[in-house]
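S.K.: This structure is in structure tokens; I'll ask about it shortly.
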Amino acid sequence: MDPSADLPSPLERTLHAARALVLADLAAHQVAAPDVVSMVEDSVVQRRWWVEQWPDGMPYVAGLVAQDVQDALLERYGRWPLCPVCGSGDPHALDVEPELGPDPHWVCHQAGVKVAAVGALGAALGGSSPS
Ligand SMILES: [Zn+2]
């Protein structure tokens, strides 16, 4: 009986949390299609390898997965997540800041504002339906 055998490691918890945060943001924009979920899974697999090489990077994983999925969506579907702050002008995507750091946020560089923490986009959108 080894009680630690049933407990997920910090790495597993970090990866699980990152996946949940990014999936929550995808769901907020109603883009949680099956192939989008697989984009998240692909990123988590790559970041698992990455953080095994560099355990100190564990706090950065959520921001990196968010950026990986953003890049993958841009290739297949287009910009995500679209900025909910700017009411006029060209539609533009939010960026993750810091690109490599803990506590990642979605920011709009045009308005110069933090929109939401990664994982909290749904709350930032306030549940309002797009017009
Ligand atoms: Zn904006």
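Letters A, B, ... go to the chains of the structure tokens in the order shown; residues in each chain start at 1; ligands are counted from 1 in the same order.
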Please provide the set of residues having any atom within 12 Å of Trp80 of chain A, restricted to only C-alpha atoms, with same-chain residues fewer than 3 positions apart removed, written as an NGL selection string.
M.R.: :A and (22 or 25-32 or 36 or 66-77 or 83-84 or 91-96 or 106 or 121)
S.K.: When the cut-off is 6 Å and you count only C-alpha atoms and all ligand atoms, which residues lie near ligand 1, shown as a ChimeraX atom specification?
M.R.: /A:83,85-86,108,110-111
S.K.: Find the residue from A:Met39, A:Leu125, A:Ala24, A:Leu11 that sits nearest to Val61 of chain A; use only C-alpha atoms when measuring.
M.R.: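 Checking each candidate against Val61 of chain A, we get A:Leu11 as the closest.
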S.K.: Using only C-alpha atoms, can you tell me which of A:Val115, A:Ala17, A:Leu100, A:Ala124 comes closest to Tyr60 of chain A?
M.R.: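 Of all the options, A:Leu100 lies closest to Tyr60 of chain A.
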S.K.: Going by DSSP on the backbone, which residues of segment 3-130 of chain A come out as strand (DSSP E or B)? List them as a PyMOL selection string.
M.R.: chain A and resi 82+93+95-97+105-108+113-117
S.K.: If you measure from atom CA of Ala18 of chain A to atom CA of Gly101 of chain A, what distance in Å do you get, rounded to one decimal?
M.R.: 13.3 Å
S.K.: Enumerate, as a PDB file with N, CA and C atoms, in the first residue's frame, the complete set of residues in segment 74-129 of chain A that a backbone-based DSSP assignment places in helix (DSSP H, G or I).
M.R.:
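Heads up, here's the output in selection22.pdb:
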```
ATOM      1  N   LEU A  74      -5.331  29.578 -35.138  1.00  0.00           N
ATOM      2  CA  LEU A  74      -5.083  30.581 -36.173  1.00  0.00           C
ATOM      3  C   LEU A  74      -4.840  29.912 -37.520  1.00  0.00           C
ATOM      4  N   GLU A  75      -4.125  28.779 -37.502  1.00  0.00           N
ATOM      5  CA  GLU A  75      -3.849  28.074 -38.751  1.00  0.00           C
ATOM      6  C   GLU A  75      -5.114  27.477 -39.350  1.00  0.00           C
ATOM      7  N   ARG A  76      -6.013  26.966 -38.500  1.00  0.00           N
ATOM      8  CA  ARG A  76      -7.148  26.208 -39.019  1.00  0.00           C
ATOM      9  C   ARG A  76      -8.432  27.003 -39.093  1.00  0.00           C
ATOM     10  N   LEU A 121     -11.986  33.721 -19.177  1.00  0.00           N
ATOM     11  CA  LEU A 121     -12.554  34.524 -20.266  1.00  0.00           C
ATOM     12  C   LEU A 121     -14.078  34.538 -20.213  1.00  0.00           C
ATOM     13  N   GLY A 122     -14.674  33.429 -19.840  1.00  0.00           N
ATOM     14  CA  GLY A 122     -16.127  33.348 -19.787  1.00  0.00           C
ATOM     15  C   GLY A 122     -16.708  34.400 -18.848  1.00  0.00           C
ATOM     16  N   ALA A 123     -16.078  34.569 -17.700  1.00  0.00           N
ATOM     17  CA  ALA A 123     -16.531  35.575 -16.746  1.00  0.00           C
ATOM     18  C   ALA A 123     -16.344  36.973 -17.320  1.00  0.00           C
ATOM     19  N   ALA A 124     -15.236  37.193 -18.051  1.00  0.00           N
ATOM     20  CA  ALA A 124     -14.964  38.511 -18.622  1.00  0.00           C
ATOM     21  C   ALA A 124     -16.005  38.869 -19.675  1.00  0.00           C
ATOM     22  N   LEU A 125     -16.505  37.841 -20.351  1.00  0.00           N
ATOM     23  CA  LEU A 125     -17.509  38.101 -21.383  1.00  0.00           C
ATOM     24  C   LEU A 125     -18.876  38.363 -20.770  1.00  0.00           C
TER      25      LEU A 125
END
```
S.K.: So how far away is atom CA of Ala116 of chain A from atom CA of Gly89 of chain A, in Å?
M.R.: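 Atom-to-atom, atom CA of Gly89 of chain A and atom CA of Ala116 of chain A are spaced 20.7 Å apart.
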S.K.: Could you check how far atom CA of Pro102 of chain A sits from atom CA of Arg79 of chain A, in Å to one decimal?
M.R.: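 Result for atom CA of Pro102 of chain A versus atom CA of Arg79 of chain A: 23.6 Å, one decimal.
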S.K.: Please list as number ranges by chain every residue within 8 Å of segment 45-52 of chain A, counting only C-alpha atoms and excluding residues in the same chain fewer than 5 positions away.
M.R.: A: 11, 15, 57-58, 61, 64-65
S.K.: Can you pull out every residue within 6 Å of Val118 of chain A, counting only C-alpha atoms, but drop anything in the same chain fewer than 2 positions away, and send it as a PyMOL selection string?
M.R.: chain A and resi 104-105+120
